[in-house]
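Q: Structure file upload_27.cif (mmCIF, C-alpha atoms) is given on the next line.
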```cif
data_protein
loop_
_atom_site.group_PDB
_atom_site.id
_atom_site.type_symbol
_atom_site.label_atom_id
_atom_site.label_comp_id
_atom_site.auth_asym_id
_atom_site.auth_seq_id
_atom_site.Cartn_x
_atom_site.Cartn_y
_atom_site.Cartn_z
ATOM 1 C CA MET A 196 0.000 0.000 0.000
ATOM 2 C CA ILE A 197 1.271 3.481 -0.838
ATOM 3 C CA ALA A 198 0.971 5.910 2.081
ATOM 4 C CA PRO A 199 -0.802 9.282 1.742
ATOM 5 C CA GLY A 200 1.666 12.039 0.871
ATOM 6 C CA THR A 201 4.003 9.732 -1.072
ATOM 7 C CA PRO A 202 5.340 11.308 -4.288
ATOM 8 C CA VAL A 203 4.607 9.147 -7.322
ATOM 9 C CA ARG A 204 5.142 9.213 -11.056
ATOM 10 C CA VAL A 205 2.522 7.919 -13.468
ATOM 11 C CA ARG A 206 4.092 5.265 -15.689
ATOM 12 C CA GLU A 207 5.050 6.627 -19.091
ATOM 13 C CA ASP A 208 3.518 3.667 -20.868
ATOM 14 C CA TRP A 209 1.332 3.493 -23.958
ATOM 15 C CA PRO A 210 -0.404 0.084 -24.129
ATOM 16 C CA GLU A 211 -2.567 1.615 -26.886
ATOM 17 C CA THR A 212 0.412 1.271 -29.236
ATOM 18 C CA ARG A 213 0.613 -2.490 -28.639
ATOM 19 C CA GLY A 214 -2.919 -3.603 -29.425
ATOM 20 C CA ARG A 215 -6.479 -3.585 -28.151
ATOM 21 C CA CYS A 216 -6.818 -2.393 -24.576
ATOM 22 C CA HIS A 217 -9.017 -0.479 -22.143
ATOM 23 C CA ILE A 218 -7.045 1.969 -20.000
ATOM 24 C CA ARG A 219 -8.401 4.241 -17.268
ATOM 25 C CA THR A 220 -5.212 6.307 -16.921
ATOM 26 C CA PRO A 221 -5.668 9.538 -18.914
ATOM 27 C CA HIS A 222 -3.102 10.212 -21.662
ATOM 28 C CA PHE A 223 -2.292 13.659 -20.312
ATOM 29 C CA LEU A 224 -1.020 12.177 -17.052
ATOM 30 C CA ARG A 225 1.369 9.570 -18.436
ATOM 31 C CA GLY A 226 4.793 10.455 -17.040
ATOM 32 C CA ALA A 227 3.395 13.148 -14.705
ATOM 33 C CA THR A 228 4.526 13.512 -11.099
ATOM 34 C CA GLY A 229 1.986 13.798 -8.298
ATOM 35 C CA ARG A 230 1.356 12.858 -4.703
ATOM 36 C CA VAL A 231 -0.893 10.145 -3.264
ATOM 37 C CA ASP A 232 -3.825 11.762 -1.476
ATOM 38 C CA ARG A 233 -5.404 8.572 -0.118
ATOM 39 C CA HIS A 234 -6.271 4.938 -0.818
ATOM 40 C CA LEU A 235 -9.876 4.714 -2.079
ATOM 41 C CA GLY A 236 -10.290 0.945 -1.873
ATOM 42 C CA ASP A 237 -9.483 -2.087 -4.015
ATOM 43 C CA PHE A 238 -11.311 -2.700 -7.283
ATOM 44 C CA PRO A 239 -11.158 -5.323 -10.074
ATOM 45 C CA ASN A 240 -8.718 -4.312 -12.794
ATOM 46 C CA PRO A 241 -10.820 -2.600 -15.519
ATOM 47 C CA GLU A 242 -8.149 -3.445 -18.100
ATOM 48 C CA ASP A 243 -9.229 -7.105 -17.715
ATOM 49 C CA LEU A 244 -12.923 -6.543 -16.928
ATOM 50 C CA ALA A 245 -13.362 -4.773 -20.277
ATOM 51 C CA PHE A 246 -12.452 -7.995 -22.094
ATOM 52 C CA GLY A 247 -14.296 -10.410 -19.797
ATOM 53 C CA ARG A 248 -11.041 -11.748 -18.351
ATOM 54 C CA PRO A 249 -10.601 -12.710 -14.681
ATOM 55 C CA ALA A 250 -9.664 -9.464 -12.927
ATOM 56 C CA VAL A 251 -7.555 -9.158 -9.799
ATOM 57 C CA ARG A 252 -8.465 -6.438 -7.307
ATOM 58 C CA LEU A 253 -6.034 -3.537 -7.418
ATOM 59 C CA PRO A 254 -5.508 -0.739 -4.893
ATOM 60 C CA LEU A 255 -7.026 2.478 -6.246
ATOM 61 C CA TYR A 256 -5.659 5.834 -5.099
ATOM 62 C CA HIS A 257 -6.662 9.436 -5.303
ATOM 63 C CA VAL A 258 -3.525 11.119 -6.642
ATOM 64 C CA ALA A 259 -3.086 14.913 -6.559
ATOM 65 C CA PHE A 260 -1.240 16.789 -9.311
ATOM 66 C CA ASP A 261 -0.267 20.428 -9.623
ATOM 67 C CA ALA A 262 -2.124 21.117 -12.872
ATOM 68 C CA SER A 263 0.352 23.885 -13.762
ATOM 69 C CA THR A 264 3.062 21.218 -14.251
ATOM 70 C CA LEU A 265 1.127 19.209 -16.850
ATOM 71 C CA TRP A 266 1.356 21.491 -19.870
ATOM 72 C CA ALA A 267 4.170 23.639 -21.179
ATOM 73 C CA ASP A 268 2.718 27.049 -20.313
ATOM 74 C CA GLY A 269 2.604 26.741 -16.506
ATOM 75 C CA LYS A 270 -1.206 26.950 -16.477
ATOM 76 C CA PRO A 271 -3.750 26.428 -15.039
ATOM 77 C CA GLU A 272 -3.448 27.278 -11.382
ATOM 78 C CA ALA A 273 -5.347 24.339 -9.919
ATOM 79 C CA GLU A 274 -4.959 21.036 -8.188
ATOM 80 C CA LEU A 275 -6.043 17.955 -10.096
ATOM 81 C CA LEU A 276 -7.300 14.918 -8.200
ATOM 82 C CA VAL A 277 -7.441 11.669 -10.176
ATOM 83 C CA GLU A 278 -8.240 8.003 -9.431
ATOM 84 C CA LEU A 279 -5.332 5.797 -10.493
ATOM 85 C CA TYR A 280 -4.605 2.086 -10.004
ATOM 86 C CA GLU A 281 -1.410 1.044 -8.230
ATOM 87 C CA PRO A 282 0.320 -0.644 -11.235
ATOM 88 C CA TRP A 283 0.322 2.755 -12.980
ATOM 89 C CA LEU A 284 2.229 4.430 -10.122
ATOM 90 C CA GLU A 285 5.988 4.461 -9.547
ATOM 91 C CA VAL A 286 6.921 5.504 -6.027
ATOM 92 C CA LEU A 287 9.527 8.283 -6.087
ATOM 93 C CA PRO A 288 12.291 8.579 -3.492
ATOM 94 C CA MET B 778 -22.317 -8.671 -40.855
ATOM 95 C CA THR B 779 -20.757 -7.020 -37.819
ATOM 96 C CA LEU B 780 -22.425 -6.113 -34.519
ATOM 97 C CA ALA B 781 -22.437 -2.455 -35.569
ATOM 98 C CA GLU B 782 -24.603 -3.292 -38.609
ATOM 99 C CA ILE B 783 -27.381 -5.032 -36.655
ATOM 100 C CA GLU B 784 -30.500 -2.980 -35.954
ATOM 101 C CA THR B 785 -30.121 -1.898 -32.316
ATOM 102 C CA GLY B 786 -33.666 -2.812 -31.242
ATOM 103 C CA ALA B 787 -33.184 -6.382 -32.465
ATOM 104 C CA LEU B 788 -29.777 -6.579 -30.807
ATOM 105 C CA LEU B 789 -31.181 -5.350 -27.477
ATOM 106 C CA GLY B 790 -34.071 -7.841 -27.672
ATOM 107 C CA ALA B 791 -31.660 -10.707 -28.348
ATOM 108 C CA LEU B 792 -29.427 -9.619 -25.475
ATOM 109 C CA ARG B 793 -32.368 -9.451 -23.041
ATOM 110 C CA THR B 794 -33.539 -12.912 -24.119
ATOM 111 C CA LEU B 795 -30.061 -14.374 -23.681
ATOM 112 C CA LEU B 796 -29.599 -12.771 -20.240
ATOM 113 C CA THR B 797 -32.889 -14.325 -19.122
ATOM 114 C CA GLU B 798 -32.207 -17.737 -20.692
ATOM 115 C CA LYS B 799 -28.803 -17.908 -19.017
ATOM 116 C CA GLY B 800 -30.344 -16.941 -15.666
ATOM 117 C CA ILE B 801 -28.190 -13.804 -15.344
ATOM 118 C CA THR B 802 -31.218 -11.547 -14.897
ATOM 119 C CA ASN B 803 -34.937 -11.472 -15.747
ATOM 120 C CA PRO B 804 -37.388 -9.039 -17.360
ATOM 121 C CA ALA B 805 -38.713 -7.827 -13.984
ATOM 122 C CA GLU B 806 -35.223 -6.999 -12.741
ATOM 123 C CA ILE B 807 -34.387 -5.156 -15.972
ATOM 124 C CA ALA B 808 -37.620 -3.159 -15.723
ATOM 125 C CA GLU B 809 -36.812 -2.280 -12.101
ATOM 126 C CA ARG B 810 -33.317 -1.033 -13.016
ATOM 127 C CA ILE B 811 -34.730 1.072 -15.859
ATOM 128 C CA ARG B 812 -37.280 2.572 -13.462
ATOM 129 C CA ILE B 813 -34.546 3.436 -10.922
ATOM 130 C CA THR B 814 -32.365 4.980 -13.630
ATOM 131 C CA ASP B 815 -35.217 7.007 -15.126
ATOM 132 C CA THR B 816 -36.483 8.345 -11.803
ATOM 133 C CA ALA B 817 -33.077 9.467 -10.498
ATOM 134 C CA SER B 818 -32.712 13.246 -10.852
ATOM 135 C CA PRO B 819 -30.730 16.151 -9.392
ATOM 136 C CA ALA B 820 -33.559 16.547 -6.854
ATOM 137 C CA LEU B 821 -32.133 13.520 -4.995
ATOM 138 C CA GLY B 822 -28.666 15.043 -4.711
ATOM 139 C CA ALA B 823 -30.171 18.407 -3.776
ATOM 140 C CA ALA B 824 -32.121 16.779 -0.934
ATOM 141 C CA MET B 825 -28.863 15.253 0.345
ATOM 142 C CA VAL B 826 -27.107 18.628 0.171
ATOM 143 C CA ALA B 827 -29.910 20.390 2.046
ATOM 144 C CA LYS B 828 -29.936 17.701 4.734
ATOM 145 C CA ALA B 829 -26.163 18.015 5.127
ATOM 146 C CA TRP B 830 -26.594 21.776 5.648
ATOM 147 C CA VAL B 831 -29.009 21.336 8.546
ATOM 148 C CA ASP B 832 -27.892 18.008 10.080
ATOM 149 C CA PRO B 833 -24.202 17.813 11.152
ATOM 150 C CA ASP B 834 -24.365 14.031 11.740
ATOM 151 C CA PHE B 835 -25.711 13.470 8.233
ATOM 152 C CA ARG B 836 -23.018 15.772 6.820
ATOM 153 C CA THR B 837 -20.329 13.682 8.552
ATOM 154 C CA LEU B 838 -21.833 10.467 7.140
ATOM 155 C CA MET B 839 -22.189 11.949 3.657
ATOM 156 C CA LEU B 840 -18.537 13.030 3.529
ATOM 157 C CA ALA B 841 -17.348 9.659 4.849
ATOM 158 C CA ASP B 842 -19.583 7.426 2.716
ATOM 159 C CA GLY B 843 -21.858 9.086 0.168
ATOM 160 C CA ALA B 844 -23.589 5.841 -0.793
ATOM 161 C CA ARG B 845 -24.594 5.049 2.791
ATOM 162 C CA ALA B 846 -25.836 8.602 3.236
ATOM 163 C CA ALA B 847 -27.922 8.274 0.057
ATOM 164 C CA GLU B 848 -29.307 4.912 1.161
ATOM 165 C CA SER B 849 -30.280 6.372 4.525
ATOM 166 C CA MET B 850 -32.572 8.744 2.570
ATOM 167 C CA GLY B 851 -34.120 5.867 0.619
ATOM 168 C CA ILE B 852 -32.119 6.385 -2.593
ATOM 169 C CA PRO B 853 -31.423 2.944 -4.188
ATOM 170 C CA MET B 854 -27.635 2.409 -4.341
ATOM 171 C CA ARG B 855 -27.444 -1.372 -4.772
ATOM 172 C CA GLY B 856 -25.154 -2.227 -7.656
ATOM 173 C CA MET B 857 -24.058 1.404 -7.980
ATOM 174 C CA PRO B 858 -20.425 2.533 -7.818
ATOM 175 C CA PRO B 859 -19.203 4.092 -4.551
ATOM 176 C CA LEU B 860 -20.227 7.738 -4.169
ATOM 177 C CA GLY B 861 -17.585 10.214 -3.042
ATOM 178 C CA VAL B 862 -18.624 13.639 -1.774
ATOM 179 C CA LEU B 863 -16.332 16.662 -2.166
ATOM 180 C CA GLU B 864 -16.938 19.437 0.333
ATOM 181 C CA ASN B 865 -16.573 23.035 -0.809
ATOM 182 C CA THR B 866 -15.243 25.367 1.892
ATOM 183 C CA PRO B 867 -14.183 29.031 2.012
ATOM 184 C CA GLU B 868 -10.669 27.730 1.103
ATOM 185 C CA VAL B 869 -11.322 25.173 -1.653
ATOM 186 C CA HIS B 870 -13.775 24.752 -4.528
ATOM 187 C CA HIS B 871 -14.288 21.458 -6.385
ATOM 188 C CA LEU B 872 -15.097 20.899 -10.053
ATOM 189 C CA VAL B 873 -15.966 17.391 -11.314
ATOM 190 C CA VAL B 874 -15.209 16.091 -14.799
ATOM 191 C CA CYS B 875 -14.695 12.732 -16.470
ATOM 192 C CA THR B 876 -11.994 13.344 -19.069
ATOM 193 C CA LEU B 877 -12.140 9.732 -20.344
ATOM 194 C CA CYS B 878 -15.876 9.410 -20.926
ATOM 195 C CA SER B 879 -18.901 10.593 -18.935
ATOM 196 C CA CYS B 880 -18.776 8.903 -15.494
ATOM 197 C CA TYR B 881 -21.426 10.636 -13.422
ATOM 198 C CA PRO B 882 -23.173 9.988 -10.088
ATOM 199 C CA ARG B 883 -26.394 8.951 -11.834
ATOM 200 C CA ALA B 884 -27.890 7.382 -8.715
ATOM 201 C CA VAL B 885 -28.164 10.821 -7.088
ATOM 202 C CA LEU B 886 -28.066 13.239 -10.064
ATOM 203 C CA GLY B 887 -29.805 11.297 -12.848
ATOM 204 C CA TYR B 888 -28.590 11.441 -16.448
ATOM 205 C CA PRO B 889 -25.574 13.694 -17.056
ATOM 206 C CA PRO B 890 -26.314 16.996 -18.821
ATOM 207 C CA PHE B 891 -25.279 17.015 -22.506
ATOM 208 C CA TRP B 892 -22.387 19.412 -21.956
ATOM 209 C CA PHE B 893 -20.843 17.198 -19.263
ATOM 210 C CA LYS B 894 -20.282 14.568 -21.984
ATOM 211 C CA SER B 895 -18.919 17.049 -24.555
ATOM 212 C CA THR B 896 -15.265 16.806 -25.558
ATOM 213 C CA SER B 897 -14.876 20.552 -25.001
ATOM 214 C CA TYR B 898 -15.991 20.416 -21.344
ATOM 215 C CA ARG B 899 -13.915 17.295 -20.704
ATOM 216 C CA ALA B 900 -10.785 18.880 -22.155
ATOM 217 C CA ARG B 901 -11.223 22.398 -20.817
ATOM 218 C CA ALA B 902 -12.189 21.444 -17.248
ATOM 219 C CA VAL B 903 -8.607 20.258 -16.711
ATOM 220 C CA ARG B 904 -6.841 22.680 -19.093
ATOM 221 C CA ASP B 905 -8.640 25.948 -18.269
ATOM 222 C CA PRO B 906 -10.974 25.329 -15.326
ATOM 223 C CA ARG B 907 -11.243 28.979 -14.265
ATOM 224 C CA GLY B 908 -12.139 29.899 -17.851
ATOM 225 C CA VAL B 909 -14.909 27.274 -17.818
ATOM 226 C CA LEU B 910 -16.201 28.544 -14.484
ATOM 227 C CA ALA B 911 -16.190 32.154 -15.741
ATOM 228 C CA GLU B 912 -18.399 31.126 -18.674
ATOM 229 C CA TRP B 913 -20.900 29.809 -16.138
ATOM 230 C CA GLY B 914 -20.707 33.152 -14.325
ATOM 231 C CA THR B 915 -18.747 31.602 -11.475
ATOM 232 C CA VAL B 916 -15.792 33.711 -10.371
ATOM 233 C CA LEU B 917 -13.967 32.399 -7.324
ATOM 234 C CA PRO B 918 -12.164 34.771 -4.980
ATOM 235 C CA GLU B 919 -8.375 34.829 -5.560
ATOM 236 C CA ASN B 920 -7.687 33.056 -2.263
ATOM 237 C CA VAL B 921 -9.928 30.066 -3.049
ATOM 238 C CA ARG B 922 -7.991 27.014 -4.273
ATOM 239 C CA LEU B 923 -9.514 25.144 -7.179
ATOM 240 C CA ARG B 924 -9.517 21.350 -7.141
ATOM 241 C CA VAL B 925 -10.541 19.609 -10.349
ATOM 242 C CA VAL B 926 -11.616 16.012 -9.744
ATOM 243 C CA ASP B 927 -11.292 13.716 -12.774
ATOM 244 C CA SER B 928 -13.605 10.672 -12.394
ATOM 245 C CA THR B 929 -11.402 8.134 -14.107
ATOM 246 C CA ALA B 930 -12.304 4.910 -12.335
ATOM 247 C CA ASP B 931 -14.588 3.259 -9.798
ATOM 248 C CA TYR B 932 -15.920 6.212 -7.825
ATOM 249 C CA ARG B 933 -18.564 8.700 -8.787
ATOM 250 C CA TRP B 934 -18.173 12.193 -7.337
ATOM 251 C CA MET B 935 -20.565 14.940 -6.332
ATOM 252 C CA VAL B 936 -19.858 18.321 -4.786
ATOM 253 C CA LEU B 937 -21.339 19.413 -1.471
ATOM 254 C CA PRO B 938 -21.597 23.169 -2.087
ATOM 255 C CA MET B 939 -21.506 25.787 0.659
ATOM 256 C CA ARG B 940 -24.809 26.920 2.065
ATOM 257 C CA PRO B 941 -25.654 30.352 0.645
ATOM 258 C CA ALA B 942 -25.679 33.327 2.994
ATOM 259 C CA GLY B 943 -29.109 34.643 3.896
ATOM 260 C CA THR B 944 -30.725 31.215 4.264
ATOM 261 C CA GLU B 945 -30.630 31.004 8.048
ATOM 262 C CA GLY B 946 -33.728 29.273 9.385
ATOM 263 C CA TRP B 947 -34.841 27.972 5.973
ATOM 264 C CA SER B 948 -36.531 24.577 5.802
ATOM 265 C CA GLU B 949 -34.704 21.608 4.284
ATOM 266 C CA GLN B 950 -37.175 21.623 1.404
ATOM 267 C CA ALA B 951 -36.648 25.326 0.673
ATOM 268 C CA LEU B 952 -32.871 24.838 0.818
ATOM 269 C CA ALA B 953 -33.008 21.850 -1.555
ATOM 270 C CA ALA B 954 -34.861 23.988 -4.102
ATOM 271 C CA LEU B 955 -31.789 26.278 -4.295
ATOM 272 C CA VAL B 956 -29.476 23.455 -5.446
ATOM 273 C CA ASP B 957 -29.210 22.313 -9.057
ATOM 274 C CA GLU B 958 -27.016 19.840 -10.919
ATOM 275 C CA GLY B 959 -24.427 22.479 -11.859
ATOM 276 C CA ASP B 960 -23.856 23.236 -8.171
ATOM 277 C CA MET B 961 -23.194 19.542 -7.505
ATOM 278 C CA ILE B 962 -20.813 19.276 -10.479
ATOM 279 C CA GLY B 963 -19.129 22.487 -9.349
ATOM 280 C CA VAL B 964 -19.638 24.763 -12.364
ATOM 281 C CA THR B 965 -22.013 26.993 -10.400
ATOM 282 C CA LEU B 966 -22.764 27.988 -6.804
ATOM 283 C CA PRO B 967 -26.184 27.854 -5.186
ATOM 284 C CA GLU B 968 -27.521 31.318 -4.439
ATOM 285 C CA ALA B 969 -30.384 32.584 -2.368
ATOM 286 C CA PRO B 970 -32.625 34.701 -4.590
ATOM 287 C CA SER B 971 -31.960 38.380 -3.906
ATOM 288 C CA GLY B 972 -34.583 39.944 -1.644
ATOM 289 C CA ALA B 973 -35.776 36.512 -0.576
ATOM 290 C CA VAL B 974 -38.030 36.452 2.435
ATOM 291 C CA ALA B 975 -36.701 34.060 5.041
ATOM 292 C CA GLN B 976 -38.479 30.751 4.605
ATOM 293 C CA ALA B 977 -38.392 29.715 8.225
ATOM 294 C CA GLU B 978 -39.256 26.159 9.258
#
```
As structure tokens - that is how I would like this structure written.

A:
Amino acid sequence: MIAPGTPVRVREDWPETRGRCHIRTPHFLRGATGRVDRHLGDFPNPEDLAFGRPAVRLPLYHVAFDASTLWADGKPEAELLVELYEPWLEVLP
Amino acid sequence: MTLAEIETGALLGALRTLLTEKGITNPAEIAERIRITDTASPALGAAMVAKAWVDPDFRTLMLADGARAAESMGIPMRGMPPLGVLENTPEVHHLVVCTLCSCYPRAVLGYPPFWFKSTSYRARAVRDPRGVLAEWGTVLPENVRLRVVDSTADYRWMVLPMRPAGTEGWSEQALAALVDEGDMIGVTLPEAPSGAVAQAE
């Protein structure tokens, strides 16, 4: 389990380039750095559910991002809170 | 012939028949789910908001577990995703979007409004949220932090707005009438009508 406050990076991965898939991690966050806000519970992996495959339950987190770091122009001034599954998160030192 | 080429009514009929034949569900259960979906409306969420404004224990429950709070008011939540409630305060304002599709707390707000599903809202809510709010006539004070909540996965999110000034002593019913879907998505703020006579309980 990743503790609240832990800095994390969203995996810079593009399964879409390798074939059919169903991904709940928005494109604009791939590779972005944020901070775990809290654990929301464990839920069956939607990447398997979408294809009727057996789905293991994955920890789901609310992860906070400084929205001004996501695009090149330093805008907007806002916090972004997003639900992300643990396999998409790399814990940063 | 592909699935996309089959007439949708025929496809739906075949699917319903198969679901019944395989014992997964039955016509009565399908009819019940359709009834629940069709009768859900922003009035349910507004009633929850108004109750939270007048009942501190309910407010605590609603913030901790939105689905249990909804169920305690008789709103059917069985089979629904968990409901998260985001509390607006003088320091922070919440705006809800689903950038991937149109995830929406249908159990308490009904069908999403058309604009919530539009690509422009979904893109701009995260790229230029204050610009979106301004178009709705919502200008937040400089010192209020903006938190955009992207519903990407298993939760559905609704905003618990702040109770408008000038509504002291109002009944729960009168308070609920001030709250619309935009207030619970976060694009607008509930307001007491100017010159309103206090609607005491």

Q: Since I can't run it myself right now, could you work out what the PyMOL selection byres ((chain A) within 6 of (chain B)) selects here and report it as a PyMOL selection string?

A: chain A and resi 219+271+273-278

Q: List the residues matched by the PyMOL selection byres ((chain B and resi 781-794) around 12) in the displayed structure as an mmCIF file with C-alpha atoms, in the frame of the given file, ordered by chain and then by residue number.

A:
```cif
data_model
loop_
_atom_site.group_PDB
_atom_site.id
_atom_site.type_symbol
_atom_site.label_atom_id
_atom_site.label_comp_id
_atom_site.auth_asym_id
_atom_site.auth_seq_id
_atom_site.Cartn_x
_atom_site.Cartn_y
_atom_site.Cartn_z
ATOM 1 C CA MET B 778 -22.317 -8.671 -40.855
ATOM 2 C CA THR B 779 -20.757 -7.020 -37.819
ATOM 3 C CA LEU B 780 -22.425 -6.113 -34.519
ATOM 4 C CA LEU B 795 -30.061 -14.374 -23.681
ATOM 5 C CA LEU B 796 -29.599 -12.771 -20.240
ATOM 6 C CA THR B 797 -32.889 -14.325 -19.122
ATOM 7 C CA GLU B 798 -32.207 -17.737 -20.692
ATOM 8 C CA LYS B 799 -28.803 -17.908 -19.017
ATOM 9 C CA GLY B 800 -30.344 -16.941 -15.666
ATOM 10 C CA ILE B 801 -28.190 -13.804 -15.344
ATOM 11 C CA THR B 802 -31.218 -11.547 -14.897
ATOM 12 C CA ASN B 803 -34.937 -11.472 -15.747
ATOM 13 C CA PRO B 804 -37.388 -9.039 -17.360
ATOM 14 C CA ALA B 805 -38.713 -7.827 -13.984
ATOM 15 C CA GLU B 806 -35.223 -6.999 -12.741
ATOM 16 C CA ILE B 807 -34.387 -5.156 -15.972
ATOM 17 C CA ALA B 808 -37.620 -3.159 -15.723
#
```

Q: Give me the residues within 12 Å of Gly963 of chain B as an NGL selection string, counting only C-alpha atoms and dropping any in the same chain fewer than 5 places off.

A: :B and (862-865 or 869-874 or 893 or 902 or 906-907 or 909-911 or 913-917 or 923-926 or 934-939 or 956-958)

Q: With all atoms listed in the file as the basis for distance, which of A:His257, A:His217, A:Lys270, A:Arg230 is at the shortest distance from Pro202 of chain A?

A: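 Smallest separation from Pro202 of chain A among the options: A:Arg230.
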
Q: Could you give me, as a PyMOL selection string, the residues that have an atom at most 12 Å away from the point (-23.4, 15.1, 6.1) in the coordinates of the file, using all atoms listed in the file?

A: chain B and resi 824-847+849-850+861-864+936-938

Q: State, in Å with one decimal place, the distance from atom CA of Gly214 of chain A to atom CA of Arg252 of chain A.

A: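 So the answer is 23.0 Å.
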
Q: I'd like the residues picked by the PyMOL selection byres ((chain A and resi 232) around 7) written out as a PyMOL selection string, using the chain letters and numbers from the file.

A: chain A and resi 199-200+230-231+233+257-259

Q: Go through B:Phe891, B:Ile813, B:Pro819, B:Glu968 and flag the residue nearest Ser879 of chain B, using all atoms listed in the file for the distances.

A: B:Phe891

Q: Given the choices A:Arg225, A:Asp237, A:Leu279, A:Glu272, which gets closest to Tyr256 of chain A if the distance is worked out from all atoms listed in the file?

A: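 Nearest candidate to Tyr256 of chain A out of A:Arg225, A:Asp237, A:Leu279, A:Glu272: A:Leu279.
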
Q: Between atom CA of Ser897 of chain B and atom CA of Tyr881 of chain B, what is the distance in Å, rounded to a tenth?

A: 16.6 Å

Q: May I ask which of the residues A:Ile218, A:Ala198, A:Asp268, A:Tyr280 is the closest one to Val251 of chain A, counting all atoms listed in the file?

A: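 Residue with the minimum atom-to-atom distance to Val251 of chain A: A:Tyr280.
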
Q: Using all atoms listed in the file and a cutoff of 10 Å, can you tell me which residues are near (1.9, 11.5, -17.8) in the file's coordinates, and write them out as an MDAnalysis selection string?

A: chainID A and resid 204:208 220:229 265

Q: Find the residues around Ala942 of chain B up to 12 Å (only C-alpha atoms counted), leave out those fewer than 5 positions away in its own chain, and share them as a tab-separated table (two decimals) with C-alpha atoms, in the frame of the given file.

A:
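Below is the file that was written, selection-v1.tsv:
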```
chain	number	residue	atom	x	y	z
B	830	TRP	CA	-26.59	21.78	5.65
B	947	TRP	CA	-34.84	27.97	5.97
B	952	LEU	CA	-32.87	24.84	0.82
B	955	LEU	CA	-31.79	26.28	-4.30
B	966	LEU	CA	-22.76	27.99	-6.80
B	967	PRO	CA	-26.18	27.85	-5.19
B	968	GLU	CA	-27.52	31.32	-4.44
B	969	ALA	CA	-30.38	32.58	-2.37
B	970	PRO	CA	-32.62	34.70	-4.59
B	971	SER	CA	-31.96	38.38	-3.91
B	973	ALA	CA	-35.78	36.51	-0.58
B	975	ALA	CA	-36.70	34.06	5.04
```

Q: Given only C-alpha atoms as the basis, pick out the residue of B:Asp960, B:Gly822, B:Ala900, B:Gln950 nearest to Glu848 of chain B.

A: B:Gly822

Q: Show me, as JSON, the centre and edge lengths in Å to one decimal of the axis-aligned box that covers every listed atom of segment 789-798 of chain B with 4 Å on each side.

A:
```
{"center_x": -31.7, "center_y": -11.5, "center_z": -23.7, "size_x": 12.6, "size_y": 20.4, "size_z": 17.2}
```

Q: Kindly give the distance, in Å, that separates atom CA of Arg812 of chain B and atom CA of Gly887 of chain B, rounded to a single decimal.

A: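 Between atom CA of Arg812 of chain B and atom CA of Gly887 of chain B the gap is 11.5 Å.
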
Q: I'd like the contact shell of Arg215 of chain A - 12 Å cut-off, only C-alpha atoms, skipping same-chain residues fewer than 3 positions apart - returned as an MDAnalysis selection string.

A: chainID A and resid 209:212 218 242:243 245:246

Q: Show which residues sit within 9 Å of Gly236 of chain A, as an MDAnalysis selection string. Count all atoms listed in the file, and ignore same-chain residues fewer than 4 positions away.

A: chainID A and resid 253:256

Q: Print the selection's residues with C-alpha atoms to a file, as a tab-separated table (two decimals), in the frame of the given file.

A:
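Now in out_13.tsv:
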```
chain	number	residue	atom	x	y	z
A	253	LEU	CA	-6.03	-3.54	-7.42
A	254	PRO	CA	-5.51	-0.74	-4.89
A	255	LEU	CA	-7.03	2.48	-6.25
A	256	TYR	CA	-5.66	5.83	-5.10
```
